[in-house]
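A.B. asks: Just start-v5.txt, nothing more (compact mmCIF, C-alpha atoms and all ligand atoms):
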# COMPACT_ATOMS: atom_id res chain seq x y z
CA MET A 1 170.36 158.18 96.26
CA THR A 2 167.04 159.14 94.79
CA LEU A 3 166.12 156.56 92.24
CA LEU A 4 163.39 157.58 89.90
CA ILE A 5 161.29 154.50 90.09
CA ARG A 6 157.81 154.04 88.88
CA VAL A 7 155.16 152.58 91.12
CA SER A 8 152.39 150.43 89.81
CA LYS A 9 149.87 148.36 91.66
CA SER A 10 149.53 144.62 91.60
CA PHE A 11 147.45 142.45 93.84
CA GLN A 12 148.18 138.80 93.38
CA ASN A 13 147.46 135.92 95.68
CA PRO A 14 150.23 133.48 96.24
CA LEU A 15 149.35 130.16 94.63
CA LEU A 16 150.83 126.81 95.37
CA CYS A 17 153.82 125.73 93.30
CA ARG A 18 152.87 123.39 90.56
CA PHE A 19 156.32 123.04 89.13
CA LEU A 20 157.80 120.86 91.81
CA SER A 21 155.89 117.77 90.79
CA GLU A 22 157.99 114.69 90.22
CA SER A 23 157.06 114.43 86.55
CA SER A 24 157.88 118.00 85.62
CA ALA A 25 161.14 117.90 87.61
CA LEU A 26 162.16 114.74 85.78
CA ARG A 27 161.14 116.13 82.44
CA LYS A 28 163.13 119.31 82.92
CA GLY A 29 166.24 117.75 84.45
CA PRO A 30 168.46 118.70 87.37
CA GLU A 31 168.95 122.32 86.34
CA SER A 32 165.26 122.97 86.82
CA LYS A 33 165.25 121.24 90.19
CA GLU A 34 167.90 123.74 91.25
CA GLU A 35 165.85 126.60 89.78
CA CYS A 36 162.75 125.46 91.69
CA LYS A 37 164.52 126.35 94.92
CA TRP A 38 164.31 130.03 94.08
CA LEU A 39 162.02 130.52 91.05
CA TYR A 40 158.28 130.04 91.05
CA GLY A 41 155.57 131.52 88.88
CA SER A 42 151.94 131.73 87.85
CA SER A 43 152.53 129.60 84.72
CA GLN A 44 155.21 127.73 82.82
CA GLU A 45 154.89 130.29 80.04
CA ILE A 46 155.83 133.22 82.22
CA LEU A 47 158.75 131.26 83.67
CA SER A 48 160.05 130.63 80.18
CA VAL A 49 159.86 134.37 79.47
CA VAL A 50 162.15 135.25 82.38
CA ARG A 51 164.43 132.22 82.20
CA GLY A 52 167.95 133.40 81.38
CA HIS A 53 167.09 136.93 82.48
CA VAL A 54 166.85 136.17 86.20
CA GLU A 55 169.26 134.39 88.47
CA VAL A 56 169.66 133.77 92.19
CA ARG A 57 172.96 132.42 93.48
CA GLN A 58 172.31 131.09 96.95
CA ASN A 59 175.09 131.45 99.53
CA PHE A 60 177.04 133.76 97.26
CA ILE A 61 178.75 135.21 100.33
CA SER A 62 179.80 133.53 103.59
CA GLU A 63 178.64 134.58 107.05
CA GLU A 64 182.01 136.28 107.60
CA GLU A 65 181.63 138.23 104.36
CA GLU A 66 178.07 139.21 105.28
CA ASN A 67 179.40 140.47 108.60
CA ALA A 68 182.17 142.49 106.95
CA LEU A 69 179.72 144.13 104.53
CA PHE A 70 177.22 144.77 107.32
CA LYS A 71 179.81 146.47 109.55
CA GLU A 72 180.89 148.67 106.71
CA VAL A 73 177.42 149.81 105.62
CA GLU A 74 176.06 150.17 109.14
CA THR A 75 178.26 153.24 109.74
CA GLY A 76 176.59 155.14 106.90
CA LEU A 77 173.08 153.88 107.67
CA ARG A 78 173.17 154.59 111.40
CA LYS A 79 173.09 158.33 110.80
CA LYS A 80 169.77 158.12 108.95
CA ARG A 81 166.22 157.53 110.06
CA TYR A 82 163.86 154.99 108.51
CA GLU A 83 161.35 156.70 106.21
CA PHE A 84 157.77 155.57 106.65
CA ASP A 85 155.59 158.54 105.91
CA HIS A 86 155.85 159.32 102.23
CA TRP A 87 152.77 157.63 100.85
CA ASP A 88 153.90 158.07 97.24
CA ASP A 89 157.37 156.60 97.75
CA ALA A 90 158.12 153.35 95.95
CA ILE A 91 159.75 152.12 99.13
CA HIS A 92 158.16 152.02 102.58
CA GLY A 93 160.12 151.73 105.83
CA TYR A 94 163.64 152.19 104.60
CA ARG A 95 166.85 154.15 104.84
CA GLU A 96 169.55 154.17 102.26
CA THR A 97 173.06 155.27 101.51
CA GLU A 98 175.58 154.84 98.77
CA ARG A 99 179.25 154.05 98.87
CA LEU A 100 182.06 154.51 96.42
CA GLN A 101 185.09 153.35 98.43
CA TRP A 102 185.07 149.99 100.15
CA GLY A 103 187.40 148.08 102.47
CA VAL A 104 189.45 145.14 101.25
CA THR A 105 186.95 142.36 102.08
CA SER A 106 183.93 144.21 100.70
CA GLU A 107 185.79 145.25 97.59
CA SER A 108 186.74 141.66 96.82
CA ILE A 109 183.08 140.59 97.22
CA LEU A 110 181.97 143.39 94.91
CA ARG A 111 184.58 142.34 92.36
CA ARG A 112 183.04 138.86 92.37
CA VAL A 113 179.56 140.35 91.93
CA ARG A 114 180.71 142.43 88.98
CA ALA A 115 182.47 139.47 87.39
CA VAL A 116 179.38 137.23 87.41
CA ALA A 117 176.68 139.83 86.82
CA PHE A 118 177.84 142.26 84.19
CA PRO A 119 179.01 141.85 80.64
CA GLU A 120 182.75 142.44 80.37
CA GLY A 121 183.57 146.08 79.76
CA SER A 122 180.08 147.26 80.68
CA PRO A 123 180.39 150.69 82.32
CA LEU A 124 179.07 150.56 85.87
CA LEU A 125 177.30 153.10 88.01
CA GLY A 126 180.13 154.20 90.36
CA PRO A 127 178.49 154.30 93.79
CA ILE A 128 176.98 151.12 95.17
CA HIS A 129 173.44 151.54 96.50
CA VAL A 130 172.76 150.26 100.02
CA LEU A 131 169.12 149.88 101.01
CA ASP A 132 168.09 149.04 104.56
CA LEU A 133 164.50 147.81 104.88
CA ASP A 134 162.97 147.78 108.34
CA LYS A 135 161.11 144.60 109.34
CA GLU A 136 157.91 146.45 108.44
CA GLY A 137 159.45 147.82 105.25
CA TYR A 138 158.75 146.74 101.68
CA ILE A 139 159.36 147.82 98.09
CA LYS A 140 156.35 148.48 95.88
CA PRO A 141 156.28 147.38 92.22
CA HIS A 142 158.49 149.61 90.10
CA ILE A 143 160.92 149.65 87.22
CA ASP A 144 164.32 151.23 87.89
CA SER A 145 164.92 154.42 85.92
CA VAL A 146 165.96 153.59 82.36
CA LYS A 147 167.58 157.00 82.17
CA PHE A 148 170.05 156.35 84.97
CA CYS A 149 170.46 152.56 85.07
CA GLY A 150 171.39 150.06 82.37
CA SER A 151 170.39 146.51 81.49
CA THR A 152 171.50 144.73 84.64
CA ILE A 153 170.74 144.97 88.36
CA ALA A 154 172.63 142.74 90.81
CA GLY A 155 171.87 142.67 94.54
CA LEU A 156 173.28 140.97 97.62
CA SER A 157 170.78 140.28 100.39
CA LEU A 158 171.99 140.62 103.99
CA LEU A 159 170.32 139.77 107.31
CA SER A 160 167.04 138.29 106.03
CA ASP A 161 165.42 136.10 103.40
CA SER A 162 162.83 137.85 101.25
CA VAL A 163 160.67 137.37 98.19
CA MET A 164 161.09 139.47 95.07
CA ARG A 165 158.06 139.46 92.77
CA LEU A 166 158.21 140.29 89.08
CA VAL A 167 155.02 141.22 87.20
CA PRO A 168 154.91 141.81 83.43
CA GLU A 169 154.05 145.40 82.65
CA ASN A 170 151.62 144.31 79.96
CA LYS A 171 149.90 141.46 81.84
CA SER A 172 149.40 142.09 85.52
CA THR A 173 147.74 138.72 86.21
CA ASP A 174 151.04 136.89 85.63
CA TRP A 175 153.80 136.87 88.20
CA VAL A 176 157.15 135.34 88.99
CA ASP A 177 158.50 135.02 92.53
CA MET A 178 162.17 134.77 93.38
CA LEU A 179 163.29 133.57 96.79
CA LEU A 180 166.15 135.85 97.81
CA SER A 181 167.74 133.90 100.59
CA ARG A 182 169.99 135.65 103.08
CA ARG A 183 173.54 135.96 101.62
CA SER A 184 172.35 135.27 98.08
CA LEU A 185 173.03 137.32 94.96
CA TYR A 186 170.19 138.04 92.56
CA ILE A 187 170.56 139.33 89.03
CA LEU A 188 167.86 140.89 86.83
CA ARG A 189 168.77 141.35 83.21
CA ASP A 190 167.24 142.80 80.05
CA ASP A 191 163.53 141.88 79.72
CA ALA A 192 163.23 140.96 83.42
CA ARG A 193 164.58 144.38 84.25
CA PHE A 194 162.80 146.43 81.56
CA LYS A 195 159.47 144.65 80.93
CA PHE A 196 158.59 143.54 84.45
CA THR A 197 158.07 145.51 87.61
CA HIS A 198 159.92 144.18 90.64
CA GLU A 199 159.03 144.48 94.30
CA ILE A 200 160.02 143.08 97.70
CA LEU A 201 157.00 141.67 99.52
CA LYS A 202 156.04 142.89 102.98
CA ASP A 203 156.26 140.39 105.82
CA GLU A 204 152.50 139.60 105.84
CA GLU A 205 152.59 138.73 102.12
CA SER A 206 155.99 137.10 102.10
CA PHE A 207 155.43 133.55 100.83
CA PHE A 208 157.40 131.49 98.36
CA SER A 209 155.67 128.53 96.77
CA GLY A 210 153.10 128.58 99.57
CA GLN A 211 155.76 128.63 102.32
CA LYS A 212 156.08 131.55 104.70
CA VAL A 213 159.32 133.47 104.26
CA ALA A 214 159.72 135.54 107.43
CA ARG A 215 160.92 139.03 106.62
CA HIS A 216 163.22 140.63 109.15
CA ARG A 217 165.29 143.75 108.73
CA ARG A 218 167.00 143.33 105.36
CA ILE A 219 169.89 145.16 103.78
CA SER A 220 170.60 144.97 100.07
CA VAL A 221 173.81 146.01 98.38
CA ILE A 222 172.94 146.76 94.77
CA CYS A 223 175.24 147.14 91.76
CA ARG A 224 173.95 148.60 88.52
CA ASN A 225 175.44 149.40 85.15
CA LEU A 226 174.96 152.54 83.11
CA PRO A 227 172.59 152.85 80.17
CA VAL A 228 174.33 152.48 76.80
C1 LIG A 301 165.56 149.35 94.27
C2 LIG A 301 165.21 147.91 94.44
C3 LIG A 301 165.73 145.81 95.50
C4 LIG A 301 166.49 145.29 96.67
O1 LIG A 301 166.17 149.93 95.18
O2 LIG A 301 165.22 149.90 93.21
O3 LIG A 301 164.45 147.41 93.69
O4 LIG A 301 167.00 144.18 96.56
N1 LIG A 301 165.83 147.21 95.42
O5 LIG A 301 166.56 145.98 97.67
MN MN A 302 164.44 148.50 91.79
Please lay out the structure from this file as structure tokens.
Ligand code: OGA
Ligand code: MN

C.D. replies:
Amino acid sequence: MTLLIRVSKSFQNPLLCRFLSESSALRKGPESKEECKWLYGSSQEILSVVRGHVEVRQNFISEEEENALFKEVETGLRKKRYEFDHWDDAIHGYRETERLQWGVTSESILRRVRAVAFPEGSPLLGPIHVLDLDKEGYIKPHIDSVKFCGSTIAGLSLLSDSVMRLVPENKSTDWVDMLLSRRSLYILRDDARFKFTHEILKDEESFFSGQKVARHRRISVICRNLPV
């Protein structure tokens, strides 16, 4: 699937988390302690802009479910070669496929994804996008096509942890990092999807809250809705 995605540049240095301090965790309550496990940003202000528009559900699928999805997508991916050479591509070191029909286990996982991620009755993009990033692969900052995709993007991460960075289109010194742990589901909605670029950091730059997040081969299974 060729997604028309826009590339923009951002060069930020990872800074240490300042939101895990005892006092701020106490002040914000247990919900924020949970959020600190996967959300981290350049300031409290930018976090409050994305709050409610981003979500990571850790361990959304079991190891068995990850295996079932992997087996099913591997058949389609195996036939393709990783693309490394297109300097203007938004994605480096990847191969991709899309799938309309799924086996019983995968279909039940995708039903759960749809149920938690999309507003009821929201028309969905039929084929599910499967993106296989090589260990050396990464996704540059972009915004998914507003012509072809709607308000919500939901992705399952298989095989590897990774860091997704969001950067506001109108203020490139701010940033928000999301730790996408293996077998998690992430959801980007509304402003986080339209007003921020998103990217998946390359292994050398893959840190969350100052901690190295080793990037191995990673497969994402991405559901999108249609524009209204
Ligand atoms: C994309 C994208 C993120 C992911 O394909 O447009 O941003 O989780 N993918 O692979
Ligand atoms: Mn995207």

A.B. asks: Could you check how far CA of Ser220 in chain A sits from CA of Gly155 in chain A, in Å to one decimal?

C.D. replies: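 We find that CA of Ser220 in chain A and CA of Gly155 in chain A lie 6.1 Å from each other.
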
A.B. asks: Give as a list in words the residues surrounding ligand MN 302 (chain A) up to a distance of 10 Å, considering all atoms listed in the file.

C.D. replies: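 The distance check yields Leu3, Leu4, Ile5, Arg6, Ala90, Ile91, Ile139, Lys140, Pro141, His142, Ile143, Asp144, Ser145, Cys149, Ile153, Gly155, Leu188, Arg193, Thr197, His198, Glu199, Ile200 and Ile222 of chain A.
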
A.B. asks: Between CA of Val221 in chain A and CA of Val130 in chain A, what is the distance in Å, rounded to a tenth?

C.D. replies: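 Between CA of Val221 in chain A and CA of Val130 in chain A the gap works out to 4.7 Å.
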
A.B. asks: Which polymer residues have any atom within 12 Å of an atom of Lys79 in chain A, counting only C-alpha atoms, with same-chain residues fewer than 4 positions away left out, as a ChimeraX atom specification?

C.D. replies: /A:73-75,95-97

A.B. asks: Env of Glu45 in chain A: 10 Å cut, atoms = all atoms listed in the file, seq-sep filter 5 positions within chain, self excluded. Answer as a list in words.

C.D. replies: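 What passes the distance filter is Val50, Arg51 and Asp174 of chain A.
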
A.B. asks: As an exercise, work out the distance from CA of Ser43 in chain A to CA of Tyr186 in chain A in Å and give it to one decimal place.

C.D. replies: 21.1 Å

A.B. asks: List as a ChimeraX atom specification the protein and nucleic acid residues near Lys195 in chain A, meaning an atom at most 8 Å away when all atoms listed in the file are counted, but skip any in the same chain fewer than 5 places from it.

C.D. replies: /A:168-170

A.B. asks: Could you check which of A:Val213, A:Lys147, A:Asn225, A:Arg112 is closest to Ile61 in chain A, using only C-alpha atoms?

C.D. replies: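 Of all the options, A:Arg112 lies closest to Ile61 in chain A.
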
A.B. asks: Which residues come within 12 Å of Leu77 in chain A, counting all atoms listed in the file, excluding same-chain residues fewer than 5 positions away, as a VMD selection string?

C.D. replies: chain A and resid 70 to 72 82 94 to 99 129 to 134 219 to 220

A.B. asks: Rank A:Tyr138, A:His216, A:Trp175, A:Asp191 by their smallest atom-to-atom distance to ligand LIG 301 (chain A), using all atoms listed in the file, and report the top residue only.

C.D. replies: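 Residue with the minimum atom-to-atom distance to ligand LIG 301 (chain A): A:Tyr138.
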
A.B. asks: Which of these residues is nearest to Ser172 in chain A, using all atoms listed in the file: A:Phe194, A:Lys202, A:Ile46, A:Glu120?

C.D. replies: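 Closest to Ser172 in chain A, using all atoms listed in the file: A:Ile46.
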
A.B. asks: Quick one: of A:Ala115, A:Val56, A:Ile109, A:Ala214, who's nearest to ligand LIG 301 (chain A), counting all atoms listed in the file?

C.D. replies: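 When distances to ligand LIG 301 (chain A) are compared using all atoms listed in the file, the smallest one comes from A:Val56.
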
A.B. asks: Using all atoms listed in the file, pick whichever of A:Phe148, A:Tyr40, A:Trp87, A:Phe207 has the shortest atom-to-atom distance to ligand LIG 301 (chain A).

C.D. replies: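 Between A:Phe148, A:Tyr40, A:Trp87, A:Phe207, the residue approaching ligand LIG 301 (chain A) most closely is A:Phe148.
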
A.B. asks: Name the residues in contact with Phe208 in chain A at a cut-off of 8 Å, using only C-alpha atoms, excluding same-chain residues fewer than 2 positions from it; report them as a list of chain:residue names.

C.D. replies: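 With the cut-off at 8 Å, the set is A:Pro14, A:Tyr40, A:Val163, A:Asp177, A:Met178, A:Leu179, A:Ser206, A:Gly210, A:Gln211, A:Lys212, A:Val213.
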
A.B. asks: Measuring between all atoms listed in the file, which one of A:Gly121, A:Gly137, A:Gly41, A:Pro127 shows the shortest distance to Val228 in chain A?

C.D. replies: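 Ranking A:Gly121, A:Gly137, A:Gly41, A:Pro127 by distance to Val228 in chain A, first place goes to A:Gly121.
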